[in-house]
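Below: upload_19.cif (mmCIF, C-alpha atoms)
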data_input
#
loop_
_atom_site.label_atom_id
_atom_site.label_comp_id
_atom_site.auth_asym_id
_atom_site.auth_seq_id
_atom_site.Cartn_x
_atom_site.Cartn_y
_atom_site.Cartn_z
CA MET A 1 71.73 208.33 13.00
CA ALA A 2 69.28 205.47 13.08
CA ALA A 3 68.42 206.35 16.69
CA LEU A 4 67.74 209.98 15.76
CA ARG A 5 65.62 208.83 12.82
CA GLU A 6 63.42 206.75 15.10
CA MET A 7 62.80 209.54 17.64
CA PRO A 8 59.97 211.33 15.75
CA ARG A 9 58.13 208.04 15.22
CA ALA A 10 58.26 207.20 18.95
CA GLY A 11 57.08 210.68 19.81
CA ARG A 12 54.13 210.44 17.48
CA GLN A 13 53.07 207.14 19.00
CA PHE A 14 53.34 208.56 22.52
CA LEU A 15 51.32 211.63 21.68
CA GLY A 16 48.68 209.54 19.94
CA THR A 17 48.31 207.36 23.05
CA VAL A 18 48.02 210.38 25.34
CA SER A 19 45.30 211.88 23.19
CA HIS A 20 43.03 208.88 23.86
CA TRP A 21 43.27 209.25 27.64
CA LYS A 22 40.11 210.40 29.40
CA PRO A 23 39.87 212.19 32.73
CA TYR A 24 38.64 209.85 35.46
CA SER A 25 37.06 211.15 38.64
CA ALA A 26 37.92 209.42 41.88
CA LYS A 27 34.53 208.12 42.87
CA LEU A 28 32.86 204.76 43.52
CA GLN A 29 30.85 203.20 40.76
CA ARG A 30 28.77 200.08 40.96
CA CYS A 31 29.47 198.45 37.61
CA ALA A 32 30.26 199.21 33.98
CA SER A 33 26.59 199.82 33.12
CA THR A 34 26.53 202.89 35.36
CA GLU A 35 29.40 204.48 33.44
CA ALA A 36 27.82 203.54 30.10
CA ASN A 37 24.57 205.21 31.12
CA ALA A 38 26.31 208.34 32.31
CA SER A 39 28.46 208.72 29.16
CA THR A 40 25.46 208.57 26.81
CA THR A 41 25.27 211.87 24.95
CA SER A 42 22.03 211.80 23.03
CA PRO A 43 19.52 214.55 22.34
CA VAL A 44 16.86 212.22 23.66
CA GLU A 45 16.91 211.82 27.39
CA SER A 46 18.74 208.61 28.21
CA THR A 47 16.88 205.94 30.07
CA PRO A 48 18.57 204.41 33.10
CA ILE A 49 20.09 200.98 32.57
CA PRO A 50 19.17 198.84 35.57
CA ASP A 51 21.70 196.37 36.88
CA ILE A 52 18.98 193.82 37.62
CA GLU A 53 16.09 193.05 35.32
CA GLN A 54 12.83 194.26 36.76
CA ASP A 55 10.57 192.03 34.66
CA SER A 56 10.17 188.34 35.30
CA GLY A 57 10.59 185.66 32.67
CA LEU A 58 7.02 184.58 33.32
CA THR A 59 5.75 187.73 31.65
CA SER A 60 7.14 186.69 28.24
CA PRO A 61 4.47 185.82 25.66
CA ILE A 62 3.42 182.19 25.34
CA VAL A 63 4.50 180.62 22.07
CA GLU A 64 1.67 178.74 20.39
CA ARG A 65 1.89 175.98 17.84
CA LYS A 66 0.75 178.23 14.97
CA ASP A 67 3.62 180.64 15.68
CA ILE A 68 6.25 177.94 15.24
CA LYS A 69 7.70 177.82 11.76
CA VAL A 70 8.06 174.21 10.66
CA THR A 71 10.34 173.44 7.74
CA ASP A 72 9.62 170.48 5.54
CA PRO A 73 12.72 168.21 5.71
CA ARG A 74 12.25 167.09 2.07
CA ARG A 75 12.09 170.65 0.82
CA ARG A 76 15.13 171.56 2.89
CA ALA A 77 17.01 168.57 1.44
CA SER A 78 16.06 169.55 -2.10
CA ARG A 79 17.46 173.04 -1.60
CA ARG A 80 20.75 171.72 -0.24
CA ASN A 81 23.65 172.30 -2.63
CA TYR A 82 25.61 169.26 -1.45
CA GLU A 83 24.56 165.73 -0.48
CA LEU A 84 25.12 164.02 2.80
CA PRO A 85 27.50 161.05 2.76
CA HIS A 86 25.86 157.86 1.58
CA GLU A 87 25.21 154.93 3.88
CA ARG A 88 28.38 153.14 2.83
CA TYR A 89 30.52 156.05 4.02
CA ARG A 90 29.03 156.17 7.50
CA TYR A 91 30.43 154.32 10.50
CA HIS A 92 28.94 150.90 11.14
CA PRO A 93 29.92 148.93 14.23
CA PRO A 94 31.34 145.47 13.57
CA LYS A 95 28.80 142.71 13.38
CA TYR A 96 30.86 140.23 15.43
CA TYR A 97 33.11 140.64 18.46
CA ARG A 98 36.48 139.12 17.61
CA GLY A 99 38.20 139.47 20.97
CA PRO A 100 39.85 142.24 22.99
CA LEU A 101 43.05 142.22 20.85
CA HIS A 102 41.31 142.80 17.50
CA PRO A 103 42.07 146.23 15.99
CA VAL A 104 38.37 146.92 15.31
CA GLN A 105 36.43 147.05 18.58
CA PRO A 106 32.65 147.51 18.88
CA PRO A 107 31.41 150.57 20.75
CA PRO A 108 30.03 150.10 24.27
CA SER A 109 26.41 149.15 24.68
CA SER A 110 25.66 152.65 26.03
CA ASP A 111 26.57 154.18 22.64
CA PRO A 112 23.46 154.71 20.45
CA VAL A 113 25.45 153.53 17.43
CA ALA A 114 26.07 150.09 18.96
CA ARG A 115 24.12 147.11 17.69
CA ASN A 116 23.28 146.02 21.22
CA PHE A 117 22.38 149.52 22.41
CA THR A 118 20.74 149.62 25.83
CA PRO A 119 20.08 152.91 27.65
CA GLY A 120 22.24 153.38 30.69
CA PRO A 121 23.98 152.65 32.92
CA PHE A 122 21.96 154.84 35.25
CA ASN A 123 23.80 153.86 38.44
CA LEU A 124 27.00 152.16 39.58
CA PRO A 125 26.57 150.00 42.69
CA ARG A 126 29.27 150.32 45.29
CA LEU A 127 29.86 146.56 45.49
CA LYS A 128 30.19 146.27 41.71
CA GLN A 129 32.69 149.13 41.61
CA THR A 130 34.68 147.50 44.39
CA PHE A 131 34.62 144.18 42.55
CA HIS A 132 35.99 145.58 39.29
CA SER A 133 38.59 147.80 40.96
CA THR A 134 39.91 145.51 43.70
CA VAL A 135 38.30 142.08 44.08
CA ALA A 136 38.71 140.90 40.47
CA SER A 137 42.47 141.45 40.44
CA ASP A 138 42.83 139.87 43.89
CA ILE A 139 40.97 136.73 42.79
CA MET A 140 43.14 136.42 39.70
CA THR A 141 46.29 136.84 41.82
CA LEU A 142 45.20 134.28 44.44
CA MET A 143 44.31 131.66 41.82
CA TYR A 144 47.50 132.10 39.77
CA GLN A 145 49.55 128.93 39.48
CA HIS A 146 52.94 129.16 37.83
CA THR A 147 53.63 126.41 35.32
CA PRO A 148 57.23 126.12 34.08
CA PRO A 149 57.60 125.98 30.31
CA GLY A 150 57.59 122.46 28.95
CA THR A 151 55.38 121.01 31.69
CA PRO A 152 52.98 118.48 30.16
CA LYS A 153 49.30 119.20 30.63
CA LYS A 154 47.32 117.10 33.05
CA PRO A 155 45.01 114.63 31.36
CA GLU A 156 41.36 115.60 31.61
CA ARG A 157 39.15 113.59 33.88
CA VAL A 158 37.12 110.99 32.00
CA ARG A 159 33.49 111.86 32.62
CA LEU A 160 31.74 109.82 29.94
CA ARG A 161 31.91 106.04 30.13
CA GLU A 162 32.60 104.01 27.05
CA TRP A 163 30.90 100.78 26.09
CA ASP A 164 32.81 97.52 25.98
CA ASP A 165 32.92 95.46 22.83
CA SER A 166 31.34 92.38 24.38
CA SER A 167 28.30 92.77 22.16
CA PRO A 168 28.01 93.93 18.56
CA TYR A 169 25.16 96.22 19.63
CA MET A 170 27.59 98.27 21.76
CA GLN A 171 29.79 99.34 18.87
CA ASN A 172 29.59 102.97 17.67
CA ARG A 173 27.17 103.87 20.44
CA PRO A 174 27.42 107.27 22.15
CA LYS A 175 29.20 107.34 25.48
CA ARG A 176 27.24 107.01 28.70
CA GLY A 177 26.91 109.65 31.38
CA PRO A 178 28.58 109.52 34.79
CA ARG A 179 27.69 106.64 37.08
CA GLY A 180 24.84 107.38 39.46
CA SER A 181 23.62 110.48 37.65
CA ASP A 182 22.82 111.50 34.10
CA VAL A 183 23.68 115.16 34.78
CA LEU A 184 27.01 116.21 33.28
CA PHE A 185 28.44 119.09 35.33
CA PRO A 186 30.62 121.74 33.64
CA LEU A 187 34.40 121.50 33.79
CA GLU A 188 36.26 123.78 36.17
CA LYS A 189 38.80 125.84 34.28
CA ASP A 190 41.64 127.83 35.78
CA ILE A 191 40.73 131.43 36.57
CA ASP A 192 42.32 134.00 34.30
CA TRP A 193 41.35 137.42 33.00
CA ARG A 194 38.72 135.85 30.72
CA ASN A 195 36.62 133.94 33.27
CA ILE A 196 36.76 135.78 36.59
CA PRO A 197 33.59 134.75 38.47
CA GLU A 198 30.96 137.46 38.85
CA ILE A 199 27.45 137.82 40.25
CA LYS A 200 24.86 137.05 37.60
CA ALA A 201 21.52 137.02 39.44
CA VAL A 202 19.87 136.53 42.82
CA HIS A 203 16.77 134.35 43.15
CA LEU A 204 14.44 134.56 46.15
CA ALA A 205 11.61 132.19 47.00
CA THR A 206 9.19 131.83 49.90
CA PHE A 207 7.09 128.79 50.74
CA VAL A 208 3.89 129.55 52.66
CA PRO A 209 1.83 126.36 53.23
CA LYS A 210 -0.64 128.28 55.43
CA ALA A 211 -1.76 130.28 52.40
CA LYS A 212 -4.23 127.52 51.47
CA LYS A 213 -6.40 128.26 54.51
CA ASN A 214 -5.60 131.98 54.79
CA PRO A 215 -4.66 133.77 51.52
CA ASP A 216 -3.45 136.77 53.51
CA HIS A 217 -0.17 134.92 54.13
CA LEU A 218 0.43 134.99 50.40
CA ILE A 219 -0.24 138.72 50.22
CA VAL A 220 2.20 139.42 53.06
CA GLY A 221 4.84 137.20 51.44
CA ARG A 222 4.54 139.06 48.16
CA ALA A 223 4.70 142.41 49.92
CA VAL A 224 7.85 141.45 51.83
CA LEU A 225 9.73 140.21 48.76
CA GLN A 226 8.68 143.19 46.68
CA THR A 227 9.81 145.55 49.45
CA ILE A 228 13.32 144.12 49.82
CA THR A 229 13.99 143.57 46.10
CA GLY A 230 11.96 146.18 44.24
CA VAL A 231 10.73 143.49 41.81
CA ARG A 232 7.14 142.33 41.52
CA PRO A 233 7.06 138.67 42.67
CA GLU A 234 5.01 135.93 41.05
CA VAL A 235 2.94 133.31 42.84
CA THR A 236 4.00 129.67 42.56
CA THR A 237 1.96 126.49 42.89
CA THR A 238 2.82 123.13 44.39
CA LYS A 239 3.94 120.40 42.01
CA SER A 240 2.87 117.44 44.18
CA SER A 241 0.47 116.69 47.01
CA VAL A 242 1.68 116.25 50.60
CA ALA A 243 -0.92 114.87 53.01
CA GLN A 244 1.08 115.75 56.15
CA TRP A 245 1.14 119.44 55.24
CA GLY A 246 -2.41 119.47 53.92
CA ILE A 247 -1.48 120.76 50.47
CA VAL A 248 -2.74 119.52 47.13
CA LYS A 249 -1.11 119.73 43.74
CA GLY A 250 -1.87 123.09 42.13
CA ASP A 251 -2.35 125.08 45.37
CA ARG A 252 -0.98 128.62 45.50
CA THR A 253 1.52 128.26 48.34
CA GLY A 254 4.63 130.18 47.32
CA VAL A 255 6.16 133.38 45.99
CA LYS A 256 9.36 133.88 44.00
CA CYS A 257 11.25 136.64 42.23
CA SER A 258 14.66 137.26 40.65
CA VAL A 259 16.93 140.29 40.40
CA TYR A 260 19.64 140.74 37.78
CA GLY A 261 22.49 143.08 36.96
CA ASN A 262 23.07 146.11 39.17
CA GLN A 263 20.04 145.29 41.32
CA ALA A 264 21.64 141.95 42.21
CA TYR A 265 24.84 143.70 43.33
CA GLU A 266 22.87 146.20 45.40
CA PHE A 267 20.85 143.42 47.05
CA ILE A 268 23.97 141.39 47.96
CA ASP A 269 25.66 144.54 49.27
CA LYS A 270 22.63 145.19 51.49
CA VAL A 271 22.58 141.60 52.76
CA ILE A 272 26.32 141.56 53.56
CA HIS A 273 26.58 144.89 55.36
CA LEU A 274 23.13 145.36 56.90
CA VAL A 275 21.46 141.98 57.44
CA PHE A 276 24.21 139.46 58.25
CA PRO A 277 25.82 141.54 61.05
CA LYS A 278 22.47 141.87 62.88
CA ILE A 279 21.71 138.13 63.06
CA LYS A 280 22.52 136.88 66.53
CA ASP A 281 25.17 134.10 66.77
CA TRP A 282 25.39 133.87 63.00
CA GLN A 283 28.39 131.77 61.97
CA GLY A 284 28.05 132.08 58.23
CA ILE A 285 26.89 129.89 55.38
CA ARG A 286 27.39 126.15 55.48
CA GLY A 287 30.37 124.95 53.49
CA THR A 288 28.34 122.09 52.04
CA THR A 289 25.96 124.39 50.17
CA GLY A 290 26.12 124.57 46.39
CA ASP A 291 24.86 122.67 43.36
CA SER A 292 28.28 121.92 41.79
CA THR A 293 27.63 124.48 39.04
CA GLY A 294 28.64 127.72 40.81
CA ASN A 295 25.43 128.60 42.67
CA ILE A 296 25.37 129.26 46.43
CA SER A 297 22.17 129.13 48.52
CA TRP A 298 21.20 130.06 52.06
CA GLY A 299 18.05 130.90 53.96
CA PHE A 300 16.60 133.49 56.33
CA ASP A 301 14.18 132.73 59.15
CA TYR A 302 11.08 134.83 59.68
CA GLN A 303 12.76 136.76 62.51
CA ASP A 304 15.70 137.59 60.24
CA MET A 305 13.52 139.31 57.65
CA MET A 306 12.99 142.29 59.95
CA TYR A 307 16.67 143.21 59.63
CA PHE A 308 16.25 144.41 56.06
CA PRO A 309 16.22 148.23 56.20
CA GLU A 310 13.04 148.51 54.09
CA ILE A 311 11.11 146.31 56.51
CA GLU A 312 12.77 147.63 59.65
CA ALA A 313 11.72 151.20 58.82
CA ASN A 314 8.03 150.22 58.47
CA TYR A 315 7.84 147.04 60.53
CA SER A 316 4.40 147.97 61.88
CA LEU A 317 2.91 147.73 58.38
CA TYR A 318 3.48 143.96 58.19
CA PRO A 319 1.69 141.45 60.44
CA SER A 320 4.54 139.97 62.45
CA LYS A 321 2.88 136.53 62.70
CA MET A 322 2.40 136.32 58.93
CA ILE A 323 5.97 137.16 57.89
CA SER A 324 7.71 134.03 56.63
CA GLY A 325 11.34 133.31 55.86
CA CYS A 326 12.83 132.93 52.40
CA ARG A 327 15.60 131.06 50.65
CA ILE A 328 18.14 132.91 48.52
CA THR A 329 20.19 131.48 45.65
CA LEU A 330 23.18 133.44 44.41
CA GLU A 331 23.79 132.64 40.75
CA THR A 332 27.35 133.31 39.56
CA THR A 333 29.32 132.80 36.37
CA ALA A 334 31.61 130.31 38.12
CA LYS A 335 31.64 126.68 36.95
CA SER A 336 32.23 125.08 40.36
CA ASP A 337 31.32 125.62 43.99
CA ARG A 338 34.96 126.27 44.86
CA HIS A 339 35.20 129.30 42.59
CA ALA A 340 31.75 130.55 43.66
CA ARG A 341 32.76 130.23 47.31
CA LEU A 342 35.97 132.17 46.58
CA LEU A 343 33.90 134.99 45.08
CA CYS A 344 31.55 135.10 48.07
CA MET A 345 34.41 135.11 50.58
CA SER A 346 36.15 137.96 48.73
CA LEU A 347 32.91 139.99 48.92
CA GLY A 348 32.53 139.36 52.66
CA ILE A 349 30.34 136.24 53.01
CA PRO A 350 31.90 133.75 55.48
CA PHE A 351 31.56 129.96 55.41
CA TYR A 352 31.82 127.46 58.23
CA GLY A 353 32.09 123.71 58.56
CA LYS A 354 33.45 121.28 56.04
CA LEU A 355 33.94 122.75 52.58
CA VAL A 356 32.66 120.47 49.85
CA ASP A 357 33.64 121.20 46.26
#

Transcribe the structure of this file into structure tokens.
Amino acid sequence: MAALREMPRAGRQFLGTVSHWKPYSAKLQRCASTEANASTTSPVESTPIPDIEQDSGLTSPIVERKDIKVTDPRRRASRRNYELPHERYRYHPPKYYRGPLHPVQPPPSSDPVARNFTPGPFNLPRLKQTFHSTVASDIMTLMYQHTPPGTPKKPERVRLREWDDSSPYMQNRPKRGPRGSDVLFPLEKDIDWRNIPEIKAVHLATFVPKAKKNPDHLIVGRAVLQTITGVRPEVTTTKSSVAQWGIVKGDRTGVKCSVYGNQAYEFIDKVIHLVFPKIKDWQGIRGTTGDSTGNISWGFDYQDMMYFPEIEANYSLYPSKMISGCRITLETTAKSDRHARLLCMSLGIPFYGKLVD
């Protein structure tokens, strides 16, 4: 009975659906707008609907300043029925960074809300991306030293000398520096995830003693450094007089510049992959280089400067007899030459000879 009772309802639905069907002619139509134009039944003659706009956007009227309606922000705020949240309800980044394990972390420096907001980053150097994705973990793995639990710590090396009590004037005096030098070098700590050495800056300097007689040497030196680094160099003066070289204190005989951040990574990447392989019979950097604080230095002769791609592309623009070499200092965050040398070797800079830490 229930099935017979449902039959009229199903029939009504079927008939209602059939009534909405429209006859469709078997013909080709371009798009839906063609059908819409054809089905328009208006006493006024229908205008054709083009598929492509005939008018250009340049024909639209130019909006002038007087046509723009400007709303006063104070008046708009006075008409608002509700108030915006007060300053104490808004998000404020933490004032201090309390470590990576703290539950409240500051936003990145690229976030406009951050206290140390700096626009960017605008680029990601290939060498820097390789360092953070591969080299950093490899360095931490190579420098890992397993220490069994309960092993006593090694006593720290005594670097400051104490005074003996042979004289009453030596009591309660501050300790003396290392013998032979008053410079106290930083301590080398084991590499972990907190202090993986990185590239901090690259410093370039050129000494041109011939610039005293011919200032054009100084102009060429500045042009060369600015071309390979993209930074405007500054002119340096001599600090002392040398009679053999014919220079006097205060003469303009040098050029220097420094690159930091992503530019330093891009410059080192260019030196490793484009300049070093082209130097004939190049063995690498001497193992004795370094200043015991994590900085590595090397030099390029005047004939090696042409291997930079910026100079090689327009070598005819520079007087070949006026191009001088330069010395390069790679500044890293390492605290010793051993860790700085490990960073350079992992990036592709070889060393030869005796390695001095």

Exercise: Pro319 (chain A) partners within 10 Å, all atoms listed in the file, chain neighbours under 6 positions left out, as a short mmCIF file (atom, residue, chain, number, x, y, z; two decimals) with C-alpha atoms, keeping the file's coordinate frame:
data_model
loop_
_atom_site.label_atom_id
_atom_site.label_comp_id
_atom_site.auth_asym_id
_atom_site.auth_seq_id
_atom_site.Cartn_x
_atom_site.Cartn_y
_atom_site.Cartn_z
CA ASP A 216 -3.45 136.77 53.51
CA HIS A 217 -0.17 134.92 54.13
CA VAL A 220 2.20 139.42 53.06
#

Problem set entry | Matched chain/residue IDs from the PyMOL selection byres ((chain A and resi 351) around 6), as a VMD selection string | chain A and resid 284 to 287 350 352

Problem set entry | Among the residues A:Tyr315, A:Phe276, A:Tyr169, A:Phe267, the one that comes closest to Gly230 (chain A) [using all atoms listed in the file] |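 The shortest atom-to-atom distance to Gly230 (chain A) comes from A:Phe267.
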
Problem set entry | Non-local contacts of Thr237 (chain A) (10 Å; all atoms listed in the file; under 2 positions in same chain excluded) as a list in words |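 Surrounding residues, per the criterion: Phe207, Val235, Lys239, Ser240, Val248, Lys249, Gly250, Asp251, Arg252, Thr253, Gly254 and Val255 of chain A.
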
For this session: Show which residues sit within 12 Å of Val104 (chain A), as a ChimeraX atom specification. Count only C-alpha atoms, and ignore same-chain residues fewer than 2 positions away.
Result: /A:91-102,106-107

Per residue of region 194-249 of chain A within 9 Å of region 130-139 of chain A, what are the shortest atom pair and its distance in Å to one decimal, counting all atoms listed in the file, with rows by chain and residue number, as JSON lines?
{"residue": "A:Ile196", "atom": "CA", "partner": "A:Ala136", "partner_atom": "CA", "distance": 6.7}
{"residue": "A:Pro197", "atom": "CA", "partner": "A:Ala136", "partner_atom": "CA", "distance": 8.2}
{"residue": "A:Glu198", "atom": "CA", "partner": "A:Phe131", "partner_atom": "CA", "distance": 8.5}

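Across the model, the gap from CA of Arg157 (chain A) to CA of Asp192 (chain A) is 20.7 Å.
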
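For the pair CA of Ile268 (chain A) and CA of Pro119 (chain A), the separation is 23.7 Å.
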
For this session: Quick one: apply the PyMOL selection byres ((chain A and resi 124) around 10) to the file and drop the selected residues here as a list in words.
Result: Pro121, Phe122, Asn123, Pro125, Arg126, Leu127, Lys128, Gln129, Asn262, Gln263, Tyr265 and Glu266 of chain A

Exercise. Quick one: residues within 10 Å of region 142-145 of chain A, only C-alpha atoms counted, chain neighbours fewer than 6 positions away excluded, as number ranges by chain?
Worked result: A: 190-192, 339, 342

Exercise. Mind pulling up the distance from CA of Gly294 (chain A) to CA of Ala340 (chain A)?
Worked result: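 CA of Gly294 (chain A) lies 5.1 Å from CA of Ala340 (chain A).
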
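The residues caught by the PyMOL selection byres ((chain A and resi 177) around 12) in this file are Val158, Arg159, Leu160, Arg161, Glu162, Trp163, Pro174, Lys175, Arg176, Pro178, Arg179, Gly180, Ser181, Asp182, Val183, Leu184 and Phe185 of chain A.
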
For this session: Counting all atoms listed in the file, write as an MDAnalysis selection string all protein and nucleic acid residues lying at most 12 Å from (30.8, 130.6, 41.7) in the file's frame.
Result: chainID A and resid 139 186 188:189 191 195:201 289:297 329:346 357

Let me have the centre and edge lengths in Å, one decimal, of the box along x, y and z around every listed atom of region 110-123 of chain A with 3 Å of margin on each side, as lines of an AutoDock Vina configuration file.
center_x = 23.3
center_y = 150.4
center_z = 27.9
size_x = 12.5
size_y = 14.8
size_z = 27.0

Exercise. Using all atoms listed in the file, which of the listed residues (A:Pro168, A:Gly348, A:Gly221, A:Pro73) sits closest to Pro233 (chain A)?
Worked result: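 Result for the nearest residue to Pro233 (chain A): A:Gly221.
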
Taking the partial coordinates given, rebuild region 128-136 of chain A to contain all heavy atoms; return it as a PDB file, in the coordinates of the input.
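Saved to rebuild-v6.pdb:
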ATOM      1  N   LYS A 128      29.707 146.566  43.056  1.00  0.00           N
ATOM      2  CA  LYS A 128      30.190 146.270  41.710  1.00  0.00           C
ATOM      3  C   LYS A 128      31.449 147.067  41.393  1.00  0.00           C
ATOM      4  O   LYS A 128      32.391 146.555  40.768  1.00  0.00           O
ATOM      5  CB  LYS A 128      29.096 146.588  40.691  1.00  0.00           C
ATOM      6  CG  LYS A 128      29.431 146.192  39.272  1.00  0.00           C
ATOM      7  CD  LYS A 128      28.266 146.440  38.345  1.00  0.00           C
ATOM      8  CE  LYS A 128      28.573 145.989  36.923  1.00  0.00           C
ATOM      9  NZ  LYS A 128      27.414 146.209  36.013  1.00  0.00           N
ATOM     10  N   GLN A 129      31.494 148.319  41.820  1.00  0.00           N
ATOM     11  CA  GLN A 129      32.690 149.130  41.610  1.00  0.00           C
ATOM     12  C   GLN A 129      33.870 148.576  42.385  1.00  0.00           C
ATOM     13  O   GLN A 129      35.000 148.540  41.887  1.00  0.00           O
ATOM     14  CB  GLN A 129      32.407 150.579  42.010  1.00  0.00           C
ATOM     15  CG  GLN A 129      33.517 151.547  41.667  1.00  0.00           C
ATOM     16  CD  GLN A 129      33.146 152.974  41.997  1.00  0.00           C
ATOM     17  OE1 GLN A 129      32.101 153.217  42.582  1.00  0.00           O
ATOM     18  NE2 GLN A 129      33.995 153.918  41.613  1.00  0.00           N
ATOM     19  N   THR A 130      33.618 148.114  43.611  1.00  0.00           N
ATOM     20  CA  THR A 130      34.680 147.500  44.390  1.00  0.00           C
ATOM     21  C   THR A 130      35.163 146.208  43.762  1.00  0.00           C
ATOM     22  O   THR A 130      36.367 145.906  43.761  1.00  0.00           O
ATOM     23  CB  THR A 130      34.191 147.228  45.827  1.00  0.00           C
ATOM     24  OG1 THR A 130      33.716 148.451  46.398  1.00  0.00           O
ATOM     25  CG2 THR A 130      35.303 146.669  46.689  1.00  0.00           C
ATOM     26  N   PHE A 131      34.237 145.444  43.186  1.00  0.00           N
ATOM     27  CA  PHE A 131      34.620 144.180  42.550  1.00  0.00           C
ATOM     28  C   PHE A 131      35.549 144.429  41.369  1.00  0.00           C
ATOM     29  O   PHE A 131      36.600 143.785  41.250  1.00  0.00           O
ATOM     30  CB  PHE A 131      33.371 143.426  42.105  1.00  0.00           C
ATOM     31  CG  PHE A 131      33.654 142.214  41.270  1.00  0.00           C
ATOM     32  CD1 PHE A 131      34.031 141.018  41.866  1.00  0.00           C
ATOM     33  CD2 PHE A 131      33.561 142.268  39.888  1.00  0.00           C
ATOM     34  CE1 PHE A 131      34.301 139.902  41.093  1.00  0.00           C
ATOM     35  CE2 PHE A 131      33.824 141.162  39.114  1.00  0.00           C
ATOM     36  CZ  PHE A 131      34.206 139.975  39.717  1.00  0.00           C
ATOM     37  N   HIS A 132      35.184 145.355  40.491  1.00  0.00           N
ATOM     38  CA  HIS A 132      35.990 145.580  39.290  1.00  0.00           C
ATOM     39  C   HIS A 132      37.303 146.280  39.600  1.00  0.00           C
ATOM     40  O   HIS A 132      38.273 146.116  38.843  1.00  0.00           O
ATOM     41  CB  HIS A 132      35.189 146.390  38.276  1.00  0.00           C
ATOM     42  CG  HIS A 132      34.077 145.620  37.636  1.00  0.00           C
ATOM     43  ND1 HIS A 132      34.287 144.559  36.777  1.00  0.00           N
ATOM     44  CD2 HIS A 132      32.734 145.733  37.728  1.00  0.00           C
ATOM     45  CE1 HIS A 132      33.148 144.065  36.372  1.00  0.00           C
ATOM     46  NE2 HIS A 132      32.178 144.756  36.924  1.00  0.00           N
ATOM     47  N   SER A 133      37.364 147.060  40.664  1.00  0.00           N
ATOM     48  CA  SER A 133      38.590 147.800  40.960  1.00  0.00           C
ATOM     49  C   SER A 133      39.549 147.029  41.863  1.00  0.00           C
ATOM     50  O   SER A 133      40.768 147.222  41.758  1.00  0.00           O
ATOM     51  CB  SER A 133      38.236 149.135  41.628  1.00  0.00           C
ATOM     52  OG  SER A 133      37.557 148.917  42.855  1.00  0.00           O
ATOM     53  N   THR A 134      39.045 146.161  42.718  1.00  0.00           N
ATOM     54  CA  THR A 134      39.910 145.510  43.700  1.00  0.00           C
ATOM     55  C   THR A 134      39.760 143.999  43.709  1.00  0.00           C
ATOM     56  O   THR A 134      40.749 143.258  43.599  1.00  0.00           O
ATOM     57  CB  THR A 134      39.609 146.052  45.121  1.00  0.00           C
ATOM     58  OG1 THR A 134      39.692 147.477  45.098  1.00  0.00           O
ATOM     59  CG2 THR A 134      40.580 145.498  46.132  1.00  0.00           C
ATOM     60  N   VAL A 135      38.529 143.503  43.845  1.00  0.00           N
ATOM     61  CA  VAL A 135      38.300 142.080  44.080  1.00  0.00           C
ATOM     62  C   VAL A 135      38.711 141.239  42.877  1.00  0.00           C
ATOM     63  O   VAL A 135      39.306 140.165  43.030  1.00  0.00           O
ATOM     64  CB  VAL A 135      36.825 141.832  44.452  1.00  0.00           C
ATOM     65  CG1 VAL A 135      36.541 140.351  44.596  1.00  0.00           C
ATOM     66  CG2 VAL A 135      36.489 142.567  45.738  1.00  0.00           C
ATOM     67  N   ALA A 136      38.420 141.707  41.669  1.00  0.00           N
ATOM     68  CA  ALA A 136      38.710 140.900  40.470  1.00  0.00           C
ATOM     69  C   ALA A 136      40.200 140.632  40.338  1.00  0.00           C
ATOM     70  O   ALA A 136      40.626 139.491  40.084  1.00  0.00           O
ATOM     71  CB  ALA A 136      38.177 141.611  39.231  1.00  0.00           C
TER      72      ALA A 136
END
